Each structure stands twice: as C-alpha cells, then as structure tokens.
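S.K.: I'd like to ask some things about the structure below.
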Amino acid sequence: MTKRAFITGITGQDGSYLAELLLNKGYEVAGMVRRSSTVNFERISHLMDQVEFISGDLLDQLSIVEALKLFEPSEVYNLAAQSFVQTSFSQPVLTGETTALGVTRMLDAIRLTDPAIRFYQASSSEMFGKVAEVPQKESTPFHPRSPYGVAKVYGHWITVNYRESYDLHASSGMLFNHESPRRGLEFVTRKISHTAAQIALGQTDELHLGNLDAKRDWGFAGDYVEAMWKMLQQDSAGDYVVCTGETHSVKEFCEVAFSHLNLDWKDYVKVDEKLIRPAEVDLLVGDASKADEILNWKPTVGFEDLVRMMVDADMALLEGRLEGLH
C-alpha cells in the first residue's frame, strides 16, 4: 500500500524539501494550505502536479479534521507556524494561536480521526533560549526568550502529553537553525546571501543587521527533513535534537558570504539597533548524538558549503532577473 503523508506548512522551506523527499520515496503527498489570496507556491512550483492541496487552517480544528478524513494519511508532519522570531514580539497572540494551540488542534484531530497516524512536530532550538548548558541536548531545560520560543515549548510539551496520554506515535524534532536557498528573505541568513549578491551586482551598497555576535548552529534544510522522516519510521516515538554540533556567529556568516564574492563584509555591513531583539539568544549549539545513534542520521552539508550554496543561488536568481530586464 502506498504511504500517504500530510504536510502543514508545505509551501515553506522545510515543507518543500520534505515533499520532495517523500515523493522520491514513493509517497502520496498532500499539503494543507490556508484559503487566502496570498499563498506563495514559489518553493513548490516544481511539485504542483505531484502534490494534492487541501484547504485548512491551524486556527480551525474542524478544517483539520475534514482534511484528515479526506486524505487519510499514515503520517502527518506539522511544519506550519508563525516562524519568524522577530514578528513574534509584535504579534505574540497570533504566534501562540498558530505555533502553540495549532499543535493541540492537530493532535486532537488525529486522536479523533485516526489515532494510528504517526505525527511529527517541528520543535525548535529557540526553546532552549537562554541556555542552561552547552551543547544543548534532549534533556536540556528550556528557557525560551521570545513569544515564538514560548509557543514552541507549548507545542513540544503538548506533543509529549498526547503521546503519553493517548499512546499516539508523536515525535518532536528539536531542529537547530537550518537554511537553504529557499529560506525567506526576512531571515538573517538569506538576507545576508541575497544582499551580498545584490552588492556584487551593484544593486545596493549596504546590509543592515542586528547582533553580529549571536551564534547559531546552522545546517542545511535538505538534510534536516530526512531526520523528520526517520523519526516516523521508528517503532516508538521520541524527541530528537537535530543539528550539526558546530556554532558560528552572524559575523562569520557575513565573512564567508562576502569573501565568496571577493568582497570585504566590513565595507558594507552596518549594525542597526532597531534589528536587535528585546531578549537575545546569544549561543545555540546542539548535540545530535541521539539522532546519530538511533536514527543513523548525520548532516552532510558543512557551514561554509551552505553559505556558498545560498550565495550562488542568489547570484543566479538576481542575474536571471537582470537578464529578464534587458
């Protein structure tokens, strides 16, 4: 029997890579999309004829129940969220509704519709926030530093609660920062790669950033979706840290990106106080030994290769756009 996977957030970075992975494994894939006039299908435009789209919303439990009844999936991947940390400070209630309570609505819909469905929750390294230990692992206490991080902690614990209360096969992936050429322009990594390419092409001359000393554990999104899939193939559900185990600063990201284009980042990067968060997360670096041991998962793309991949993709994108203007 063909496996069927249902993905919320399918139009996002992770959703697009996960859909590709599952289609390559022979799955039938459906994605939940909100009924809105501004749904952006750019990241999955190449998969449009292979994926079924079902209308639904994490704010509306009935729509989730109907979607599950309609598609009858064996696996559900909950990737949808208000996932931009900066926005969570200005829209904390919406962030809670989607990123926290949305998980409960999805889990309860599974419990009511088909408790045999295997569930993946996208947890986040932002849950660790003001870190209690370095590196962070599955047992590290949470201390979130943004409404987004707080909402993710709720989503994480409600997943554990439904697993223990209703015996659902519900797993969480505590994913550290994962990037790609498909990352949204509002995220600092893509902002750096895209603006560096613009500067190289003479389209702009400055890049405004917040805290250059913030350190993150950055990996490639295409690697991380494989860990998600592997979690749902295990006999029993569990929670896993997914990361590279290396940490690099925003400054280092700039150095690699600009030097790849033979530019000196110091000539172009300006620190903008407005971009510094009310409560900063200074250092995130994970320990993925449980994922290595149980899932047999390891990242394949290193930090510098990831940055160069993103810069090359943005150069190609902008040069293509330039050619279109002539």
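In the structure tokens, chains take the letters A, B, ... in the order shown, each chain's residues start at 1, and ligands count up from 1 in the order shown.
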Write out as a ChimeraX atom specification all residues of range 9-92 of chain A that DSSP puts in alpha helix (DSSP H) for this structure's backbone.
M.R.: /A:13-24,61-71,85-90,92
S.K.: Could you give me, as a tab-separated table, every range 180-246 of chain A residue with an atom at most 8 Å from range 74-86 of chain A, plus its closest atom pair and distance in Å to one decimal, counting only C-alpha atoms, rows ordered by chain then number?
M.R.:
residue	atom	partner	partner_atom	distance
A:Glu186	CA	A:Phe84	CA	7.9
A:Phe187	CA	A:Phe84	CA	7.5
A:Leu232	CA	A:Glu75	CA	7.5
S.K.: Distance CA of Leu70 in chain A-CA of Ser171 in chain A, one decimal place?
M.R.: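 Between these atoms lies a distance of 23.3 Å.
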S.K.: Between CA of Arg277 in chain A and CA of Ala122 in chain A, what is the distance, to one decimal in Å?
M.R.: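 One can read the CA of Arg277 in chain A to CA of Ala122 in chain A distance as 22.8 Å.
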S.K.: Which residues of range 116-193 of chain A sit at most 8 Å from range 218-227 of chain A, using only C-alpha atoms? Give each one's shortest atom pair and distance in Å (one decimal place), in chain and ascending residue order, as JSON lines.
M.R.:
{"residue": "A:Gly173", "atom": "CA", "partner": "A:Ala227", "partner_atom": "CA", "distance": 7.9}
{"residue": "A:Leu175", "atom": "CA", "partner": "A:Tyr224", "partner_atom": "CA", "distance": 7.6}
{"residue": "A:Phe176", "atom": "CA", "partner": "A:Trp218", "partner_atom": "CA", "distance": 6.8}
{"residue": "A:Asn177", "atom": "CA", "partner": "A:Trp218", "partner_atom": "CA", "distance": 4.9}
{"residue": "A:His178", "atom": "CA", "partner": "A:Gly219", "partner_atom": "CA", "distance": 4.6}
{"residue": "A:Glu179", "atom": "CA", "partner": "A:Phe220", "partner_atom": "CA", "distance": 5.2}
{"residue": "A:Ser180", "atom": "CA", "partner": "A:Phe220", "partner_atom": "CA", "distance": 5.9}
S.K.: Please produce a file of those selected residues containing N, CA and C atoms, as a PDB file, in the first residue's frame.
M.R.:
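Output (out34.pdb):
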ATOM      1  N   GLY A 173      11.012  16.963  16.608  1.00  0.00           N
ATOM      2  CA  GLY A 173      12.387  17.220  16.190  1.00  0.00           C
ATOM      3  C   GLY A 173      12.783  18.600  16.672  1.00  0.00           C
ATOM      4  N   LEU A 175      14.834  21.021  16.029  1.00  0.00           N
ATOM      5  CA  LEU A 175      15.745  21.391  14.958  1.00  0.00           C
ATOM      6  C   LEU A 175      16.453  22.701  15.256  1.00  0.00           C
ATOM      7  N   PHE A 176      17.767  22.664  15.137  1.00  0.00           N
ATOM      8  CA  PHE A 176      18.534  23.896  15.223  1.00  0.00           C
ATOM      9  C   PHE A 176      18.439  24.600  13.871  1.00  0.00           C
ATOM     10  N   ASN A 177      18.973  25.815  13.791  1.00  0.00           N
ATOM     11  CA  ASN A 177      18.783  26.632  12.580  1.00  0.00           C
ATOM     12  C   ASN A 177      19.175  25.861  11.323  1.00  0.00           C
ATOM     13  N   HIS A 178      18.278  25.831  10.380  1.00  0.00           N
ATOM     14  CA  HIS A 178      18.558  25.146   9.128  1.00  0.00           C
ATOM     15  C   HIS A 178      18.147  26.056   7.976  1.00  0.00           C
ATOM     16  N   GLU A 179      19.046  26.186   7.032  1.00  0.00           N
ATOM     17  CA  GLU A 179      18.934  27.201   5.991  1.00  0.00           C
ATOM     18  C   GLU A 179      19.031  26.555   4.622  1.00  0.00           C
ATOM     19  N   SER A 180      18.773  27.364   3.593  1.00  0.00           N
ATOM     20  CA  SER A 180      18.876  26.890   2.217  1.00  0.00           C
ATOM     21  C   SER A 180      18.598  28.068   1.295  1.00  0.00           C
TER      22      SER A 180
END
S.K.: For range 29-42 of chain A, work out the shell of residues within 8 Å, counting only C-alpha atoms and skipping chain neighbours fewer than 2 positions away, then give it as an mmCIF file with all heavy atoms, in the first residue's frame.
M.R.:
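Now in selection-v7.cif:
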data_model
loop_
_atom_site.group_PDB
_atom_site.id
_atom_site.type_symbol
_atom_site.label_atom_id
_atom_site.label_comp_id
_atom_site.auth_asym_id
_atom_site.auth_seq_id
_atom_site.Cartn_x
_atom_site.Cartn_y
_atom_site.Cartn_z
ATOM 1 N N ARG A 4 0.851 7.520 2.661
ATOM 2 C CA ARG A 4 0.312 8.854 2.394
ATOM 3 C C ARG A 4 0.757 9.798 3.503
ATOM 4 O O ARG A 4 0.578 9.509 4.683
ATOM 5 C CB ARG A 4 -1.221 8.804 2.344
ATOM 6 C CG ARG A 4 -1.750 7.886 1.248
ATOM 7 C CD ARG A 4 -3.207 7.537 1.498
ATOM 8 N NE ARG A 4 -4.094 8.625 1.129
ATOM 9 C CZ ARG A 4 -4.657 8.760 -0.072
ATOM 10 N NH1 ARG A 4 -4.398 7.883 -1.013
ATOM 11 N NH2 ARG A 4 -5.472 9.765 -0.337
ATOM 12 N N ALA A 5 1.334 10.929 3.105
ATOM 13 C CA ALA A 5 1.826 11.912 4.078
ATOM 14 C C ALA A 5 1.108 13.237 3.895
ATOM 15 O O ALA A 5 0.887 13.695 2.771
ATOM 16 C CB ALA A 5 3.325 12.113 3.912
ATOM 17 N N PHE A 6 0.749 13.834 5.023
ATOM 18 C CA PHE A 6 0.038 15.119 5.039
ATOM 19 C C PHE A 6 0.962 16.138 5.700
ATOM 20 O O PHE A 6 1.443 15.923 6.811
ATOM 21 C CB PHE A 6 -1.259 14.952 5.840
ATOM 22 C CG PHE A 6 -2.133 16.178 5.875
ATOM 23 C CD1 PHE A 6 -2.773 16.638 4.736
ATOM 24 C CD2 PHE A 6 -2.337 16.853 7.073
ATOM 25 C CE1 PHE A 6 -3.597 17.756 4.778
ATOM 26 C CE2 PHE A 6 -3.161 17.971 7.135
ATOM 27 C CZ PHE A 6 -3.788 18.426 5.974
ATOM 28 N N ILE A 7 1.235 17.234 5.011
ATOM 29 C CA ILE A 7 2.201 18.228 5.493
ATOM 30 C C ILE A 7 1.513 19.570 5.687
ATOM 31 O O ILE A 7 0.915 20.114 4.753
ATOM 32 C CB ILE A 7 3.360 18.414 4.485
ATOM 33 C CG1 ILE A 7 4.064 17.080 4.183
ATOM 34 C CG2 ILE A 7 4.370 19.442 5.005
ATOM 35 C CD1 ILE A 7 5.076 17.157 3.033
ATOM 36 N N THR A 8 1.599 20.114 6.911
ATOM 37 C CA THR A 8 1.194 21.513 7.087
ATOM 38 C C THR A 8 2.449 22.354 6.887
ATOM 39 O O THR A 8 3.558 21.918 7.212
ATOM 40 C CB THR A 8 0.606 21.793 8.481
ATOM 41 O OG1 THR A 8 1.666 21.795 9.453
ATOM 42 C CG2 THR A 8 -0.446 20.763 8.870
ATOM 43 N N GLY A 9 2.292 23.547 6.333
ATOM 44 C CA GLY A 9 3.470 24.359 6.034
ATOM 45 C C GLY A 9 4.212 23.874 4.813
ATOM 46 O O GLY A 9 5.414 24.072 4.670
ATOM 47 N N ILE A 10 3.495 23.226 3.890
ATOM 48 C CA ILE A 10 4.148 22.634 2.706
ATOM 49 C C ILE A 10 4.754 23.687 1.789
ATOM 50 O O ILE A 10 5.688 23.412 1.040
ATOM 51 C CB ILE A 10 3.155 21.735 1.928
ATOM 52 C CG1 ILE A 10 3.909 20.868 0.912
ATOM 53 C CG2 ILE A 10 2.046 22.573 1.262
ATOM 54 C CD1 ILE A 10 3.094 19.741 0.314
ATOM 55 N N THR A 11 4.241 24.923 1.843
ATOM 56 C CA THR A 11 4.771 25.963 0.951
ATOM 57 C C THR A 11 6.029 26.631 1.517
ATOM 58 O O THR A 11 6.623 27.483 0.874
ATOM 59 C CB THR A 11 3.718 27.058 0.677
ATOM 60 O OG1 THR A 11 3.314 27.631 1.927
ATOM 61 C CG2 THR A 11 2.507 26.486 -0.035
ATOM 62 N N ALA A 19 8.486 17.486 1.021
ATOM 63 C CA ALA A 19 7.622 16.963 -0.059
ATOM 64 C C ALA A 19 8.460 16.263 -1.126
ATOM 65 O O ALA A 19 8.114 15.169 -1.587
ATOM 66 C CB ALA A 19 6.806 18.103 -0.670
ATOM 67 N N LEU A 22 9.690 12.833 0.273
ATOM 68 C CA LEU A 22 8.623 11.828 0.369
ATOM 69 C C LEU A 22 8.160 11.358 -1.014
ATOM 70 O O LEU A 22 7.913 10.167 -1.213
ATOM 71 C CB LEU A 22 7.447 12.391 1.171
ATOM 72 C CG LEU A 22 7.746 12.708 2.643
ATOM 73 C CD1 LEU A 22 6.582 13.449 3.292
ATOM 74 C CD2 LEU A 22 8.081 11.453 3.431
ATOM 75 N N LEU A 23 8.063 12.279 -1.958
ATOM 76 C CA LEU A 23 7.693 11.888 -3.328
ATOM 77 C C LEU A 23 8.737 10.938 -3.906
ATOM 78 O O LEU A 23 8.399 9.941 -4.563
ATOM 79 C CB LEU A 23 7.536 13.127 -4.215
ATOM 80 C CG LEU A 23 6.303 13.986 -3.944
ATOM 81 C CD1 LEU A 23 6.421 15.338 -4.640
ATOM 82 C CD2 LEU A 23 5.009 13.273 -4.384
ATOM 83 N N TYR A 27 5.790 8.153 -1.768
ATOM 84 C CA TYR A 27 4.603 8.546 -1.016
ATOM 85 C C TYR A 27 3.613 9.295 -1.909
ATOM 86 O O TYR A 27 4.008 9.947 -2.876
ATOM 87 C CB TYR A 27 4.980 9.511 0.106
ATOM 88 C CG TYR A 27 5.526 8.901 1.379
ATOM 89 C CD1 TYR A 27 6.775 8.278 1.393
ATOM 90 C CD2 TYR A 27 4.821 8.985 2.573
ATOM 91 C CE1 TYR A 27 7.298 7.757 2.563
ATOM 92 C CE2 TYR A 27 5.337 8.473 3.750
ATOM 93 C CZ TYR A 27 6.569 7.855 3.744
ATOM 94 O OH TYR A 27 7.086 7.349 4.907
ATOM 95 N N ILE A 44 7.391 25.381 -4.078
ATOM 96 C CA ILE A 44 6.957 24.044 -4.524
ATOM 97 C C ILE A 44 6.334 24.087 -5.918
ATOM 98 O O ILE A 44 5.635 23.154 -6.309
ATOM 99 C CB ILE A 44 5.966 23.402 -3.518
ATOM 100 C CG1 ILE A 44 4.814 24.360 -3.197
ATOM 101 C CG2 ILE A 44 6.655 22.938 -2.259
ATOM 102 C CD1 ILE A 44 3.669 23.670 -2.523
ATOM 103 N N SER A 45 6.635 25.141 -6.664
ATOM 104 C CA SER A 45 6.036 25.257 -8.007
ATOM 105 C C SER A 45 6.401 24.062 -8.893
ATOM 106 O O SER A 45 5.610 23.630 -9.725
ATOM 107 C CB SER A 45 6.479 26.567 -8.673
ATOM 108 O OG SER A 45 7.889 26.640 -8.701
ATOM 109 N N GLN A 50 2.319 17.042 -8.607
ATOM 110 C CA GLN A 50 2.539 15.775 -7.888
ATOM 111 C C GLN A 50 1.951 15.791 -6.474
ATOM 112 O O GLN A 50 1.910 14.761 -5.808
ATOM 113 C CB GLN A 50 4.051 15.502 -7.767
ATOM 114 C CG GLN A 50 4.762 15.391 -9.101
ATOM 115 C CD GLN A 50 6.271 15.328 -8.888
ATOM 116 O OE1 GLN A 50 6.781 14.354 -8.330
ATOM 117 N NE2 GLN A 50 6.985 16.354 -9.308
ATOM 118 N N VAL A 51 1.525 16.963 -6.029
ATOM 119 C CA VAL A 51 1.043 17.120 -4.654
ATOM 120 C C VAL A 51 -0.428 17.530 -4.674
ATOM 121 O O VAL A 51 -0.851 18.317 -5.518
ATOM 122 C CB VAL A 51 1.878 18.197 -3.911
ATOM 123 C CG1 VAL A 51 1.265 18.546 -2.568
ATOM 124 C CG2 VAL A 51 3.314 17.731 -3.732
ATOM 125 N N GLU A 52 -1.200 16.973 -3.738
ATOM 126 C CA GLU A 52 -2.599 17.385 -3.594
ATOM 127 C C GLU A 52 -2.663 18.504 -2.544
ATOM 128 O O GLU A 52 -1.986 18.427 -1.514
ATOM 129 C CB GLU A 52 -3.429 16.189 -3.121
ATOM 130 C CG GLU A 52 -4.914 16.435 -3.071
ATOM 131 C CD GLU A 52 -5.697 15.183 -2.653
ATOM 132 O OE1 GLU A 52 -5.222 14.052 -2.914
ATOM 133 O OE2 GLU A 52 -6.763 15.359 -2.047
ATOM 134 N N PHE A 53 -3.436 19.525 -2.802
ATOM 135 C CA PHE A 53 -3.573 20.615 -1.835
ATOM 136 C C PHE A 53 -4.968 20.596 -1.234
ATOM 137 O O PHE A 53 -5.956 20.492 -1.954
ATOM 138 C CB PHE A 53 -3.298 21.972 -2.501
ATOM 139 C CG PHE A 53 -1.873 22.098 -2.969
ATOM 140 C CD1 PHE A 53 -1.540 21.861 -4.292
ATOM 141 C CD2 PHE A 53 -0.867 22.404 -2.071
ATOM 142 C CE1 PHE A 53 -0.229 21.941 -4.726
ATOM 143 C CE2 PHE A 53 0.455 22.498 -2.495
ATOM 144 C CZ PHE A 53 0.772 22.258 -3.821
ATOM 145 N N ILE A 54 -5.003 20.660 0.101
ATOM 146 C CA ILE A 54 -6.274 20.606 0.814
ATOM 147 C C ILE A 54 -6.398 21.864 1.667
ATOM 148 O O ILE A 54 -5.480 22.228 2.400
ATOM 149 C CB ILE A 54 -6.361 19.341 1.698
ATOM 150 C CG1 ILE A 54 -6.238 18.077 0.820
ATOM 151 C CG2 ILE A 54 -7.662 19.321 2.494
ATOM 152 C CD1 ILE A 54 -6.146 16.784 1.588
ATOM 153 N N SER A 55 -7.532 22.501 1.569
ATOM 154 C CA SER A 55 -7.754 23.735 2.322
ATOM 155 C C SER A 55 -7.926 23.423 3.808
ATOM 156 O O SER A 55 -8.630 22.491 4.187
ATOM 157 C CB SER A 55 -9.008 24.424 1.779
ATOM 158 O OG SER A 55 -9.270 25.586 2.503
ATOM 159 N N GLY A 56 -7.253 24.204 4.634
ATOM 160 C CA GLY A 56 -7.365 24.022 6.083
ATOM 161 C C GLY A 56 -6.561 25.083 6.799
ATOM 162 O O GLY A 56 -5.772 25.803 6.179
ATOM 163 N N ASP A 57 -6.750 25.165 8.106
ATOM 164 C CA ASP A 57 -6.087 26.218 8.870
ATOM 165 C C ASP A 57 -5.836 25.728 10.292
ATOM 166 O O ASP A 57 -6.725 25.117 10.900
ATOM 167 C CB ASP A 57 -6.984 27.470 8.898
ATOM 168 C CG ASP A 57 -6.227 28.725 9.299
ATOM 169 O OD1 ASP A 57 -5.448 28.660 10.280
ATOM 170 O OD2 ASP A 57 -6.413 29.765 8.656
ATOM 171 N N ALA A 67 -9.797 17.603 6.646
ATOM 172 C CA ALA A 67 -8.651 17.312 5.780
ATOM 173 C C ALA A 67 -8.121 15.904 6.017
ATOM 174 O O ALA A 67 -7.809 15.163 5.079
ATOM 175 C CB ALA A 67 -7.549 18.342 6.004
ATOM 176 N N PHE A 71 -8.104 12.868 3.183
ATOM 177 C CA PHE A 71 -6.859 12.325 2.610
ATOM 178 C C PHE A 71 -6.430 10.997 3.228
ATOM 179 O O PHE A 71 -5.729 10.218 2.592
ATOM 180 C CB PHE A 71 -5.735 13.363 2.750
ATOM 181 C CG PHE A 71 -4.474 12.974 2.029
ATOM 182 C CD1 PHE A 71 -4.441 12.877 0.640
ATOM 183 C CD2 PHE A 71 -3.306 12.697 2.732
ATOM 184 C CE1 PHE A 71 -3.274 12.515 -0.031
ATOM 185 C CE2 PHE A 71 -2.129 12.335 2.079
ATOM 186 C CZ PHE A 71 -2.125 12.248 0.687
#
S.K.: Just checking: using only C-alpha atoms, which residue out of A:Gly129, A:Gly26, A:Gly155, A:Gly320 ends up closest to Arg105 in chain A?
M.R.: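 Closest to Arg105 in chain A, using only C-alpha atoms: A:Gly155.
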S.K.: Considering only C-alpha atoms, can you say which of A:Ala116, A:Ala196, A:Met174, A:Leu317 comes closest to Lys266 in chain A?
M.R.: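 Closest residue, counting only C-alpha atoms: A:Ala196.
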S.K.: Pick out each residue of range 205-285 of chain A that DSSP on the backbone tags as strand (DSSP E); I need them as JSON, numbers by chain.
M.R.: {"A": [207, 208, 209, 215, 216, 219, 220, 239, 240, 241, 242, 248, 249, 269, 270, 271]}
S.K.: Restricting the output to N, CA and C atoms, write the selected residues as a PDB file, in the first residue's frame.
M.R.:
ATOM      1  N   LEU A 207      24.256  46.571   3.913  1.00  0.00           N
ATOM      2  CA  LEU A 207      23.479  45.492   4.535  1.00  0.00           C
ATOM      3  C   LEU A 207      23.306  45.854   6.008  1.00  0.00           C
ATOM      4  N   HIS A 208      22.065  46.000   6.452  1.00  0.00           N
ATOM      5  CA  HIS A 208      21.773  46.363   7.845  1.00  0.00           C
ATOM      6  C   HIS A 208      21.428  45.107   8.646  1.00  0.00           C
ATOM      7  N   LEU A 209      22.158  44.883   9.731  1.00  0.00           N
ATOM      8  CA  LEU A 209      21.959  43.705  10.573  1.00  0.00           C
ATOM      9  C   LEU A 209      21.885  44.114  12.037  1.00  0.00           C
ATOM     10  N   LYS A 215      25.404  33.606  18.040  1.00  0.00           N
ATOM     11  CA  LYS A 215      25.961  32.369  17.470  1.00  0.00           C
ATOM     12  C   LYS A 215      24.856  31.323  17.297  1.00  0.00           C
ATOM     13  N   ARG A 216      24.904  30.662  16.167  1.00  0.00           N
ATOM     14  CA  ARG A 216      23.906  29.640  15.871  1.00  0.00           C
ATOM     15  C   ARG A 216      24.570  28.378  15.315  1.00  0.00           C
ATOM     16  N   GLY A 219      22.612  24.390   9.819  1.00  0.00           N
ATOM     17  CA  GLY A 219      22.740  23.260   8.909  1.00  0.00           C
ATOM     18  C   GLY A 219      21.883  23.469   7.676  1.00  0.00           C
ATOM     19  N   PHE A 220      21.872  22.474   6.802  1.00  0.00           N
ATOM     20  CA  PHE A 220      21.133  22.544   5.532  1.00  0.00           C
ATOM     21  C   PHE A 220      19.757  21.901   5.687  1.00  0.00           C
ATOM     22  N   ASP A 239      11.766  12.162  21.031  1.00  0.00           N
ATOM     23  CA  ASP A 239      12.170  13.543  20.731  1.00  0.00           C
ATOM     24  C   ASP A 239      13.670  13.560  20.443  1.00  0.00           C
ATOM     25  N   TYR A 240      14.042  14.315  19.414  1.00  0.00           N
ATOM     26  CA  TYR A 240      15.433  14.308  18.958  1.00  0.00           C
ATOM     27  C   TYR A 240      15.941  15.712  18.667  1.00  0.00           C
ATOM     28  N   VAL A 241      17.147  16.003  19.133  1.00  0.00           N
ATOM     29  CA  VAL A 241      17.852  17.208  18.705  1.00  0.00           C
ATOM     30  C   VAL A 241      18.463  16.925  17.332  1.00  0.00           C
ATOM     31  N   VAL A 242      18.255  17.860  16.397  1.00  0.00           N
ATOM     32  CA  VAL A 242      18.806  17.728  15.041  1.00  0.00           C
ATOM     33  C   VAL A 242      19.659  18.968  14.770  1.00  0.00           C
ATOM     34  N   HIS A 248      28.486  29.048  14.803  1.00  0.00           N
ATOM     35  CA  HIS A 248      29.139  30.134  14.062  1.00  0.00           C
ATOM     36  C   HIS A 248      28.349  31.420  14.301  1.00  0.00           C
ATOM     37  N   SER A 249      29.060  32.539  14.301  1.00  0.00           N
ATOM     38  CA  SER A 249      28.402  33.821  14.532  1.00  0.00           C
ATOM     39  C   SER A 249      27.828  34.394  13.242  1.00  0.00           C
ATOM     40  N   VAL A 269      28.542  46.103   5.796  1.00  0.00           N
ATOM     41  CA  VAL A 269      27.603  45.734   6.866  1.00  0.00           C
ATOM     42  C   VAL A 269      27.518  46.852   7.910  1.00  0.00           C
ATOM     43  N   LYS A 270      26.277  47.264   8.213  1.00  0.00           N
ATOM     44  CA  LYS A 270      26.030  48.298   9.226  1.00  0.00           C
ATOM     45  C   LYS A 270      25.132  47.700  10.309  1.00  0.00           C
ATOM     46  N   VAL A 271      25.507  47.909  11.582  1.00  0.00           N
ATOM     47  CA  VAL A 271      24.676  47.423  12.686  1.00  0.00           C
ATOM     48  C   VAL A 271      23.537  48.418  12.919  1.00  0.00           C
TER      49      VAL A 271
END
S.K.: Could you tell me which of A:Gly245, A:Gly184, A:Gly210, A:Gly149 comes closest to Asp14 in chain A if we count only C-alpha atoms?
M.R.: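 Closest to Asp14 in chain A, using only C-alpha atoms: A:Gly184.
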S.K.: Smallest atom-to-atom distance to Ala151 in chain A: which of A:Ile117, A:Met127, A:Leu261, A:Met106, using only C-alpha atoms?
M.R.: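 Of the candidates, the smallest distance to Ala151 in chain A is held by A:Met127.
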S.K.: Name all residues at most 9 Å from Thr189 in chain A (count only C-alpha atoms; drop same-chain ones fewer than 6 positions away) and give them as a list of chain:residue names.
M.R.: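 The filter keeps A:Glu179, A:Ser180, A:Arg183, A:Val250, A:Phe253, A:Cys254, A:Val307, A:Met310.
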S.K.: Please determine, counting only C-alpha atoms, which residue among A:Leu101, A:Leu62, A:Ala132, A:Leu112 has the shortest atom-to-atom distance to Leu283 in chain A.
M.R.: A:Ala132
S.K.: By how many Å are CA of Ala313 in chain A and CA of Ser16 in chain A apart?
M.R.: 16.3 Å
S.K.: Can you tell me which residues surround Thr95 in chain A at a distance of at most 9 Å, considering only C-alpha atoms, apart from same-chain residues fewer than 2 positions away, and format the answer as a PyMOL selection string?
M.R.: chain A and resi 81-83+87-89+91-93+97-100+147-148+151
S.K.: With only C-alpha atoms as the counted atoms, please give the residues lying no more than 10 Å from Val311 in chain A, apart from itself and same-chain residues fewer than 4 positions off, as a PDB file with C-alpha atoms, in the first residue's frame.
M.R.:
ATOM      1  CA  SER A 180      18.876  26.890   2.217  1.00  0.00           C
ATOM      2  CA  PRO A 181      18.407  28.942  -0.950  1.00  0.00           C
ATOM      3  CA  THR A 189      20.963  34.136   6.664  1.00  0.00           C
ATOM      4  CA  ARG A 190      19.052  34.696   3.424  1.00  0.00           C
ATOM      5  CA  ILE A 192      22.975  38.167   4.065  1.00  0.00           C
ATOM      6  CA  SER A 193      23.319  35.911   1.000  1.00  0.00           C
ATOM      7  CA  HIS A 194      20.806  37.907  -1.059  1.00  0.00           C
ATOM      8  CA  THR A 195      22.159  41.347  -0.157  1.00  0.00           C
ATOM      9  CA  ALA A 196      25.764  40.219  -0.725  1.00  0.00           C
ATOM     10  CA  ALA A 197      24.728  39.127  -4.231  1.00  0.00           C
ATOM     11  CA  VAL A 256      32.071  33.601   4.221  1.00  0.00           C
ATOM     12  CA  ALA A 257      29.268  35.059   2.087  1.00  0.00           C
ATOM     13  CA  PHE A 258      31.105  38.253   1.098  1.00  0.00           C
ATOM     14  CA  HIS A 260      32.879  34.116  -1.776  1.00  0.00           C
ATOM     15  CA  LEU A 261      32.131  37.171  -3.955  1.00  0.00           C
ATOM     16  CA  ASP A 305      29.380  24.984   1.791  1.00  0.00           C
ATOM     17  CA  LEU A 306      25.903  26.005   2.964  1.00  0.00           C
ATOM     18  CA  VAL A 307      26.736  29.733   2.876  1.00  0.00           C
ATOM     19  CA  MET A 315      23.557  35.333  -7.683  1.00  0.00           C
ATOM     20  CA  ALA A 316      21.844  33.049 -10.214  1.00  0.00           C
ATOM     21  CA  LEU A 317      18.429  34.339  -9.168  1.00  0.00           C
TER      22      LEU A 317
END
